[in-house]
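Below: run_11.cif (mmCIF, C-alpha atoms)
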data_entry
loop_
_atom_site.label_atom_id
_atom_site.label_comp_id
_atom_site.auth_asym_id
_atom_site.auth_seq_id
_atom_site.Cartn_x
_atom_site.Cartn_y
_atom_site.Cartn_z
CA MET A 1 0.00 0.00 0.00
CA ARG A 2 1.36 3.43 -0.89
CA ASP A 3 1.93 6.05 1.77
CA LEU A 4 -1.14 8.09 2.58
CA ASP A 5 -1.37 11.44 0.86
CA PHE A 6 -2.86 13.63 3.56
CA ASN A 7 -2.78 16.81 1.48
CA ALA A 8 -4.81 15.12 -1.24
CA LEU A 9 -7.18 13.86 1.44
CA ALA A 10 -7.75 17.41 2.72
CA SER A 11 -8.47 18.59 -0.82
CA GLU A 12 -10.90 15.73 -1.34
CA LEU A 13 -12.73 16.57 1.88
CA ILE A 14 -13.04 20.23 0.86
CA GLY A 15 -14.20 19.12 -2.57
CA ASN A 16 -16.93 17.11 -0.86
CA GLY A 17 -18.17 20.22 0.90
CA ILE A 18 -16.45 19.85 4.28
CA SER A 19 -15.52 23.24 5.69
CA PRO A 20 -11.78 23.89 5.31
CA ARG A 21 -11.39 24.35 9.08
CA HIS A 22 -12.76 20.88 9.82
CA ALA A 23 -11.03 19.30 6.83
CA HIS A 24 -7.57 20.51 7.82
CA ARG A 25 -8.05 19.76 11.51
CA THR A 26 -9.33 16.26 10.85
CA VAL A 27 -6.48 15.52 8.48
CA ASN A 28 -3.96 16.78 11.05
CA GLU A 29 -5.47 14.52 13.68
CA LEU A 30 -5.46 11.62 11.26
CA ARG A 31 -1.81 12.29 10.42
CA ASP A 32 -0.90 12.28 14.14
CA HIS A 33 -2.88 9.07 14.57
CA TYR A 34 -0.98 7.53 11.67
CA ASP A 35 2.35 8.59 13.21
CA ASP A 36 1.31 7.03 16.53
CA LEU A 37 0.43 3.78 14.76
CA VAL A 38 3.76 3.77 12.92
CA ASP A 39 5.64 4.41 16.16
CA ALA A 40 3.74 1.61 17.90
CA ALA A 41 4.47 -0.83 15.07
CA VAL A 42 8.16 0.11 15.04
CA ASP A 43 8.29 -0.35 18.82
CA ALA A 44 6.74 -3.78 18.29
CA GLY A 45 9.62 -4.70 15.98
CA ALA A 46 8.31 -3.93 12.48
CA ASN A 47 10.60 -2.27 9.96
CA SER A 48 9.69 1.19 8.69
CA LYS A 49 7.97 0.04 5.48
CA ARG A 50 5.94 -2.64 7.23
CA ALA A 51 5.06 -0.23 10.04
CA ARG A 52 3.69 2.32 7.56
CA ARG A 53 1.71 -0.32 5.71
CA HIS A 54 0.29 -1.60 8.98
CA ALA A 55 -0.62 1.94 10.09
CA ALA A 56 -2.41 2.67 6.82
CA GLN A 57 -4.38 -0.56 7.15
CA GLN A 58 -5.31 0.25 10.73
CA LEU A 59 -6.66 3.65 9.72
CA GLY A 60 -8.98 2.01 7.21
CA SER A 61 -10.08 2.96 3.75
CA MET A 62 -9.73 6.65 2.95
CA ASP A 63 -12.76 6.42 0.68
CA ASP A 64 -14.79 5.27 3.69
CA PHE A 65 -13.30 8.09 5.71
CA VAL A 66 -14.28 10.71 3.12
CA ALA A 67 -17.76 9.18 2.87
CA ALA A 68 -18.12 9.24 6.67
CA MET A 69 -17.08 12.89 6.79
CA ALA A 70 -19.38 13.80 3.91
CA SER A 71 -22.29 12.13 5.72
CA GLN A 72 -21.90 14.59 8.63
CA ARG A 73 -24.07 17.42 7.35
CA GLU A 74 -23.08 19.78 10.13
CA LEU A 75 -19.42 19.66 9.03
CA LYS A 76 -20.24 21.03 5.60
CA THR A 77 -20.05 24.63 4.47
CA TRP A 78 -23.41 26.37 4.35
CA ALA A 79 -23.34 26.44 0.54
CA PHE A 80 -23.29 22.63 0.54
CA ARG A 81 -25.93 22.42 3.27
CA TYR A 82 -28.29 24.81 1.52
CA PRO A 83 -27.35 24.59 -2.17
CA ARG A 84 -30.60 26.14 -3.45
CA LEU A 85 -30.14 29.12 -1.16
CA ALA A 86 -26.52 29.44 -2.26
CA VAL A 87 -27.60 29.59 -5.90
CA VAL A 88 -29.69 32.67 -5.03
CA VAL A 89 -27.45 34.30 -2.44
CA TYR A 90 -24.10 34.08 -4.25
CA PRO A 91 -25.15 36.01 -7.39
CA LEU A 92 -26.97 38.60 -5.26
CA ALA A 93 -23.91 39.03 -3.08
CA CYS A 94 -21.76 39.46 -6.17
CA VAL A 95 -24.08 42.15 -7.54
CA ALA A 96 -24.12 43.90 -4.15
CA VAL A 97 -20.35 43.83 -3.81
CA LEU A 98 -19.63 44.80 -7.44
CA PRO A 99 -19.78 48.61 -6.87
CA ALA A 100 -17.27 48.26 -4.05
CA PHE A 101 -14.69 46.52 -6.24
CA PRO A 102 -13.12 49.80 -7.54
CA VAL A 103 -12.71 50.93 -3.92
CA PHE A 104 -11.07 47.64 -2.97
CA ALA A 105 -8.88 47.83 -6.08
CA GLY A 106 -7.88 51.38 -5.13
CA MET A 107 -7.01 50.29 -1.62
CA ALA A 108 -4.96 47.41 -2.97
CA HIS A 109 -3.00 49.73 -5.31
CA ARG A 110 -2.94 52.84 -3.14
CA ASP A 111 0.82 53.45 -3.62
CA LEU A 112 0.39 53.53 -7.37
CA LEU A 113 -2.69 55.73 -7.08
CA THR A 114 -0.87 58.14 -4.75
CA ARG A 115 2.02 58.52 -7.24
CA TRP A 116 -0.40 58.94 -10.13
CA GLY A 117 -2.47 61.51 -8.20
CA THR A 118 0.64 63.45 -7.20
CA ALA A 119 1.92 63.53 -10.79
CA LEU A 120 -1.49 64.68 -12.04
CA LEU A 121 -1.61 67.43 -9.41
CA ALA A 122 1.93 68.60 -10.31
CA ALA A 123 1.04 68.65 -14.02
CA GLY A 124 -2.09 70.68 -13.26
CA LEU A 125 -0.13 73.19 -11.19
CA ILE A 126 2.52 73.61 -13.89
CA THR A 127 -0.13 74.10 -16.57
CA ALA A 128 -2.02 76.62 -14.41
CA THR A 129 1.20 78.52 -13.71
CA MET A 130 2.06 78.66 -17.40
CA MET A 131 -1.44 79.88 -18.22
CA LEU A 132 -1.19 82.53 -15.52
CA VAL A 133 2.18 83.70 -16.79
CA LEU A 134 0.83 83.83 -20.32
CA GLN A 135 -2.22 85.80 -19.17
CA LEU A 136 -0.06 88.27 -17.24
CA THR A 137 2.25 88.68 -20.22
CA ILE A 138 -0.72 89.56 -22.43
CA LEU A 139 -2.14 91.97 -19.87
CA LEU A 140 1.15 93.77 -19.23
CA SER A 141 2.29 93.99 -22.83
CA MET B 1 -4.32 -6.88 11.60
CA ALA B 2 -6.61 -8.07 8.87
CA ARG B 3 -9.60 -7.58 11.12
CA LEU B 4 -8.75 -3.93 11.40
CA GLY B 5 -7.96 -3.45 7.73
CA LYS B 6 -10.92 -1.53 6.41
CA ALA B 7 -13.76 -0.28 8.47
CA GLY B 8 -16.09 -0.26 5.53
CA ASP B 9 -15.21 -3.83 4.60
CA LEU B 10 -15.59 -5.02 8.17
CA MET B 11 -18.95 -3.38 8.57
CA ALA B 12 -20.09 -4.62 5.19
CA GLN B 13 -19.15 -8.16 6.16
CA SER B 14 -20.96 -7.92 9.48
CA ASN B 15 -24.11 -5.93 10.05
CA PRO B 16 -24.10 -2.23 9.29
CA PRO B 17 -27.52 -1.49 10.85
CA PHE B 18 -26.35 -2.88 14.18
CA MET B 19 -23.14 -0.86 13.99
CA SER B 20 -25.03 2.34 13.34
CA GLY B 21 -24.62 4.61 16.35
CA VAL B 22 -22.29 2.23 18.19
CA PRO B 23 -19.12 4.30 17.72
CA GLU B 24 -20.98 7.37 18.99
CA LEU B 25 -22.24 5.54 22.08
CA LEU B 26 -18.79 4.12 22.86
CA LEU B 27 -17.03 7.44 22.37
CA LEU B 28 -19.48 9.28 24.62
CA ARG B 29 -19.21 6.56 27.27
CA LEU B 30 -15.41 6.63 27.31
CA LEU B 31 -15.22 10.41 27.30
CA ASN B 32 -17.63 10.49 30.22
CA ASP B 33 -14.76 9.18 32.38
CA GLN B 34 -11.93 11.37 31.13
CA GLU B 35 -10.80 13.54 28.24
CA MET B 36 -8.92 11.69 25.52
CA TYR B 37 -7.51 12.18 22.02
CA GLY B 38 -8.30 10.05 18.98
CA TYR B 39 -5.56 7.45 19.21
CA GLU B 40 -6.20 7.00 22.93
CA LEU B 41 -9.91 6.57 22.28
CA VAL B 42 -9.37 3.80 19.74
CA ARG B 43 -7.09 1.93 22.14
CA SER B 44 -9.68 2.36 24.89
CA ILE B 45 -12.51 1.06 22.67
CA LYS B 46 -10.49 -2.07 21.90
CA GLN B 47 -9.69 -2.57 25.55
CA ALA B 48 -13.19 -1.84 26.82
CA THR B 49 -14.84 -4.19 24.31
CA ASP B 50 -12.18 -6.94 24.52
CA GLU B 51 -11.58 -6.22 20.83
CA ALA B 52 -15.09 -7.45 20.03
CA ILE B 53 -15.70 -4.20 18.21
CA THR B 54 -13.08 -3.27 15.69
CA LEU B 55 -13.29 -0.19 13.56
CA GLY B 56 -11.22 1.38 10.86
CA GLU B 57 -9.50 3.80 13.19
CA GLY B 58 -10.06 6.82 10.97
CA VAL B 59 -13.80 6.36 11.32
CA ILE B 60 -13.88 7.91 14.79
CA TYR B 61 -12.83 11.38 13.58
CA PRO B 62 -15.97 12.16 11.58
CA VAL B 63 -17.99 11.05 14.60
CA LEU B 64 -15.91 13.15 17.00
CA HIS B 65 -16.18 16.23 14.82
CA GLY B 66 -19.90 15.75 14.34
CA LEU B 67 -20.39 15.46 18.11
CA GLU B 68 -18.26 18.54 18.67
CA ARG B 69 -20.23 20.49 16.08
CA ASN B 70 -23.55 19.63 17.71
CA GLY B 71 -22.26 20.62 21.13
CA SER B 72 -21.92 17.18 22.71
CA LEU B 73 -18.14 17.43 22.91
CA LYS B 74 -15.61 20.17 23.25
CA ALA B 75 -12.10 19.99 21.87
CA LYS B 76 -8.93 21.42 23.36
CA ARG B 77 -5.42 21.42 21.92
CA LYS B 78 -2.56 20.33 24.14
CA ALA B 79 1.12 19.95 23.35
CA VAL B 80 2.24 16.50 24.51
CA GLY B 81 5.63 14.96 23.73
CA GLY B 82 6.35 17.33 20.86
CA ARG B 83 2.96 16.76 19.22
CA THR B 84 -0.19 18.80 19.43
CA ARG B 85 -3.01 16.57 20.59
CA VAL B 86 -6.68 17.42 20.32
CA TYR B 87 -8.33 16.27 23.51
CA TYR B 88 -12.08 15.76 23.57
CA SER B 89 -14.28 16.02 26.62
CA LEU B 90 -17.99 15.66 27.26
CA THR B 91 -20.29 18.64 27.70
CA ARG B 92 -23.57 18.69 29.59
CA LYS B 93 -25.37 18.17 26.30
CA GLY B 94 -23.08 15.21 25.62
CA ARG B 95 -23.99 13.64 28.95
CA ASP B 96 -27.66 14.01 28.12
CA ARG B 97 -27.01 12.46 24.74
CA LEU B 98 -25.13 9.57 26.37
CA GLU B 99 -28.01 8.89 28.76
CA LYS B 100 -30.47 8.84 25.88
CA LEU B 101 -28.31 6.53 23.76
CA ARG B 102 -27.65 4.27 26.74
CA SER B 103 -31.35 4.03 27.48
CA ASP B 104 -32.13 3.30 23.80
CA TRP B 105 -29.42 0.68 23.72
CA HIS B 106 -30.73 -1.12 26.82
CA ARG B 107 -34.25 -1.06 25.43
CA ILE B 108 -33.13 -2.57 22.11
CA GLN B 109 -30.86 -5.07 23.82
CA SER B 110 -33.69 -6.16 26.10
CA GLY B 111 -36.03 -6.56 23.13
CA ILE B 112 -33.54 -8.61 21.16
CA THR B 113 -32.67 -10.78 24.17
CA SER B 114 -36.36 -11.39 24.71
CA ALA B 115 -36.88 -12.24 21.03
CA LEU B 116 -33.90 -14.59 20.96
CA GLY B 117 -35.09 -16.37 24.12
CA ALA B 118 -38.62 -16.90 22.81
CA PRO B 119 -39.52 -20.08 20.91
CA ALA B 120 -38.99 -19.62 17.19
CA ASN B 121 -42.58 -20.56 16.28
CA ALA B 122 -44.26 -18.62 19.09
#
Would you mind writing the file out in structure tokens?
Amino acid sequence: MRDLDFNALASELIGNGISPRHAHRTVNELRDHYDDLVDAAVDAGANSKRARRHAAQQLGSMDDFVAAMASQRELKTWAFRYPRLAVVVYPLACVAVLPAFPVFAGMAHRDLLTRWGTALLAAGLITATMMLVLQLTILLS
Amino acid sequence: MARLGKAGDLMAQSNPPFMSGVPELLLLRLLNDQEMYGYELVRSIKQATDEAITLGEGVIYPVLHGLERNGSLKAKRKAVGGRTRVYYSLTRKGRDRLEKLRSDWHRIQSGITSALGAPANA
């Protein structure tokens, strides 16, 4: 049996609707459990490869594990618990948030916007000064 | 080792309806005595049931998380021996749940014992 891929397991749990918080915590606990089983098997005299195979067998089928997690409705994200509601709420939320996107974008690029604003202000001042000088020259000539 | 290979296989070979709810009852019963983490709980289940009940060990985590989510258990992280363990303990709601499950179990057990003791053609 190949070594367990705990990162893939976490992704699979999230893909099945388990909230990321629960998915990552469960996988961490499972990984610790696996390590404990490996340690116990090594202490009992097994070599490393055999110990890991034994530990994986003890943990059971990962498909069963994912199915057991997916059967716990309360561990799922609300969008998976109430899919029909999510279909309505998500687009509405997007429409509501859309006008705020330029503000968020501005906040994210505020350094760039500050430089751009400063340059624009300086250009305006120079132009105004030149116009004023020109106007004065005409008046005084 | 083979007995503990795959929880799903084991349950499929035995009797899934009878196993339904058993891990929950056992976990609540064991956590009623003291807080424990997953690996400890599995060892305790084996010991407490004389290895009559064997589960794929990963199966307890969905049950633990479900019980935590519904308020029957609370989880606490503790650093032990260089590892962070998640210890589970029973809440008041968990004790109530245990009493209900225990009562249900005794009722079912009593009914089955009665049925098994009765003549087959009665």
Practice prompt. Given the file shown, enumerate the residues that the PyMOL selection byres ((chain A) within 7 of (chain B)) captures and present them as an MDAnalysis selection string.
Written response: chainID A and resid 26 30 33 57:61 64:65 68:69 72 74:75
Print the selection's residues with C-alpha atoms to a file, as a CSV table (one decimal), in the frame of the given file.
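Listed below is the output, result10.csv:
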chain,number,residue,atom,x,y,z
A,26,THR,CA,-9.3,16.3,10.8
A,30,LEU,CA,-5.5,11.6,11.3
A,33,HIS,CA,-2.9,9.1,14.6
A,57,GLN,CA,-4.4,-0.6,7.2
A,58,GLN,CA,-5.3,0.2,10.7
A,59,LEU,CA,-6.7,3.6,9.7
A,60,GLY,CA,-9.0,2.0,7.2
A,61,SER,CA,-10.1,3.0,3.8
A,64,ASP,CA,-14.8,5.3,3.7
A,65,PHE,CA,-13.3,8.1,5.7
A,68,ALA,CA,-18.1,9.2,6.7
A,69,MET,CA,-17.1,12.9,6.8
A,72,GLN,CA,-21.9,14.6,8.6
A,74,GLU,CA,-23.1,19.8,10.1
A,75,LEU,CA,-19.4,19.7,9.0
### Nearest residue to Thr91 (chain B) from the set B:Lys46, B:Lys74, B:Arg107, B:Arg29 (distances using all atoms listed in the file)
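Under the stated criterion, the closest residue is B:Lys74.
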Using all atoms listed in the file, the shortest atom-to-atom distance to Ala75 (chain B) among B:Asp104, B:Glu24, B:Asp50, B:Glu35 belongs to B:Glu35
Could you list, as a list in words, every residue matched by the PyMOL selection byres ((chain A and resi 6) around 9) in this structure? Leu4, Asp5, Asn7, Ala8, Leu9, Ala10, Ser11, Val27, Asn28, Leu30 and Arg31 of chain A
One decimal place gives the CA of Gly17 (chain A)-CA of Tyr82 (chain A) separation as 11.1 Å
May I have the residues within 12 Å of Gly106 (chain A) as a PDB file with C-alpha atoms, in the coordinates of the input, using only C-alpha atoms and disregarding those fewer than 6 positions away in the same chain?
ATOM      1  CA  ALA A 100     -17.270  48.260  -4.050  1.00  0.00           C
ATOM      2  CA  LEU A 112       0.390  53.530  -7.370  1.00  0.00           C
ATOM      3  CA  LEU A 113      -2.690  55.730  -7.080  1.00  0.00           C
ATOM      4  CA  THR A 114      -0.870  58.140  -4.750  1.00  0.00           C
ATOM      5  CA  TRP A 116      -0.400  58.940 -10.130  1.00  0.00           C
ATOM      6  CA  GLY A 117      -2.470  61.510  -8.200  1.00  0.00           C
TER       7      GLY A 117
END
*State, in Å with one decimal place, the distance from CA of Leu27 (chain B) to CA of Glu29 (chain A).*
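It comes out at 16.1 Å.
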Between CA of Val42 (chain A) and CA of Tyr87 (chain B), what is the distance, to one decimal in Å?
->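 Those two atoms sit 24.6 Å apart.
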- Task: Evaluate the PyMOL selection byres ((chain B and resi 98) around 9) on the structure here and hand back the selected residues as a list of chain:residue names.
- Result: B:Glu24, B:Leu25, B:Leu28, B:Arg29, B:Asn32, B:Lys93, B:Gly94, B:Arg95, B:Asp96, B:Arg97, B:Glu99, B:Lys100, B:Leu101, B:Arg102, B:Ser103
Provide region 14-43 of chain B of the preceding structure as a file containing N, CA, C and O atoms, as a short mmCIF file (atom, residue, chain, number, x, y, z; two decimals), in the first residue's frame.
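Printed below is part20.cif as written:
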data_model
loop_
_atom_site.label_atom_id
_atom_site.label_comp_id
_atom_site.auth_asym_id
_atom_site.auth_seq_id
_atom_site.Cartn_x
_atom_site.Cartn_y
_atom_site.Cartn_z
N SER B 14 -20.16 -7.60 8.31
CA SER B 14 -20.96 -7.92 9.48
C SER B 14 -22.37 -7.39 9.31
O SER B 14 -23.10 -7.84 8.45
N ASN B 15 -22.72 -6.37 10.08
CA ASN B 15 -24.11 -5.93 10.05
C ASN B 15 -24.21 -4.43 10.24
O ASN B 15 -24.38 -3.96 11.36
N PRO B 16 -24.13 -3.69 9.18
CA PRO B 16 -24.10 -2.23 9.29
C PRO B 16 -25.22 -1.64 10.15
O PRO B 16 -24.95 -0.74 10.93
N PRO B 17 -26.48 -2.11 10.03
CA PRO B 17 -27.52 -1.49 10.85
C PRO B 17 -27.24 -1.61 12.35
O PRO B 17 -27.53 -0.69 13.11
N PHE B 18 -26.64 -2.72 12.76
CA PHE B 18 -26.35 -2.88 14.18
C PHE B 18 -25.17 -2.02 14.61
O PHE B 18 -25.04 -1.68 15.78
N MET B 19 -24.29 -1.70 13.65
CA MET B 19 -23.14 -0.86 13.99
C MET B 19 -23.51 0.61 14.02
O MET B 19 -22.79 1.42 14.57
N SER B 20 -24.63 0.94 13.41
CA SER B 20 -25.03 2.34 13.34
C SER B 20 -25.22 2.91 14.74
O SER B 20 -26.00 2.39 15.53
N GLY B 21 -24.49 3.97 15.04
CA GLY B 21 -24.62 4.61 16.35
C GLY B 21 -23.73 4.03 17.43
O GLY B 21 -23.57 4.64 18.48
N VAL B 22 -23.14 2.85 17.17
CA VAL B 22 -22.29 2.23 18.19
C VAL B 22 -21.03 3.05 18.46
O VAL B 22 -20.70 3.29 19.63
N PRO B 23 -20.31 3.49 17.42
CA PRO B 23 -19.12 4.30 17.72
C PRO B 23 -19.46 5.54 18.56
O PRO B 23 -18.74 5.88 19.49
N GLU B 24 -20.58 6.17 18.25
CA GLU B 24 -20.98 7.37 18.99
C GLU B 24 -21.21 7.03 20.47
O GLU B 24 -20.73 7.73 21.36
N LEU B 25 -21.94 5.95 20.70
CA LEU B 25 -22.24 5.54 22.08
C LEU B 25 -20.94 5.24 22.84
O LEU B 25 -20.75 5.67 23.97
N LEU B 26 -20.05 4.49 22.19
CA LEU B 26 -18.79 4.12 22.86
C LEU B 26 -17.93 5.34 23.15
O LEU B 26 -17.35 5.46 24.23
N LEU B 27 -17.86 6.24 22.18
CA LEU B 27 -17.03 7.44 22.37
C LEU B 27 -17.57 8.29 23.52
O LEU B 27 -16.81 8.75 24.38
N LEU B 28 -18.89 8.47 23.54
CA LEU B 28 -19.48 9.28 24.62
C LEU B 28 -19.24 8.60 25.97
O LEU B 28 -18.92 9.27 26.96
N ARG B 29 -19.39 7.28 26.00
CA ARG B 29 -19.21 6.56 27.27
C ARG B 29 -17.78 6.70 27.78
O ARG B 29 -17.55 6.96 28.97
N LEU B 30 -16.81 6.54 26.88
CA LEU B 30 -15.41 6.63 27.31
C LEU B 30 -15.02 8.05 27.71
O LEU B 30 -14.28 8.26 28.67
N LEU B 31 -15.56 9.01 26.98
CA LEU B 31 -15.22 10.41 27.30
C LEU B 31 -15.95 10.90 28.54
O LEU B 31 -15.61 11.95 29.08
N ASN B 32 -16.93 10.14 28.97
CA ASN B 32 -17.63 10.49 30.22
C ASN B 32 -16.68 10.32 31.42
O ASN B 32 -16.84 10.98 32.43
N ASP B 33 -15.70 9.43 31.27
CA ASP B 33 -14.76 9.18 32.38
C ASP B 33 -13.61 10.17 32.38
O ASP B 33 -13.20 10.66 33.42
N GLN B 34 -13.08 10.45 31.20
CA GLN B 34 -11.93 11.37 31.13
C GLN B 34 -11.75 11.88 29.71
O GLN B 34 -12.24 11.26 28.76
N GLU B 35 -11.06 13.00 29.58
CA GLU B 35 -10.80 13.54 28.24
C GLU B 35 -9.72 12.70 27.57
O GLU B 35 -8.82 12.18 28.22
N MET B 36 -9.87 12.51 26.27
CA MET B 36 -8.92 11.69 25.52
C MET B 36 -8.76 12.24 24.11
O MET B 36 -9.62 12.97 23.63
N TYR B 37 -7.68 11.84 23.45
CA TYR B 37 -7.51 12.18 22.02
C TYR B 37 -7.77 10.93 21.19
O TYR B 37 -7.92 9.82 21.73
N GLY B 38 -7.84 11.10 19.88
CA GLY B 38 -8.30 10.05 18.98
C GLY B 38 -7.61 8.70 19.15
O GLY B 38 -8.29 7.68 19.31
N TYR B 39 -6.30 8.70 19.12
CA TYR B 39 -5.56 7.45 19.21
C TYR B 39 -5.85 6.74 20.54
O TYR B 39 -6.06 5.53 20.58
N GLU B 40 -5.90 7.54 21.60
CA GLU B 40 -6.20 7.00 22.93
C GLU B 40 -7.59 6.38 22.95
O GLU B 40 -7.80 5.31 23.54
N LEU B 41 -8.52 7.05 22.31
CA LEU B 41 -9.91 6.57 22.28
C LEU B 41 -10.01 5.21 21.58
O LEU B 41 -10.71 4.31 22.06
N VAL B 42 -9.31 5.07 20.47
CA VAL B 42 -9.37 3.80 19.74
C VAL B 42 -8.81 2.67 20.59
O VAL B 42 -9.38 1.57 20.66
N ARG B 43 -7.68 2.95 21.26
CA ARG B 43 -7.09 1.93 22.14
C ARG B 43 -8.08 1.57 23.26
O ARG B 43 -8.26 0.42 23.61
#
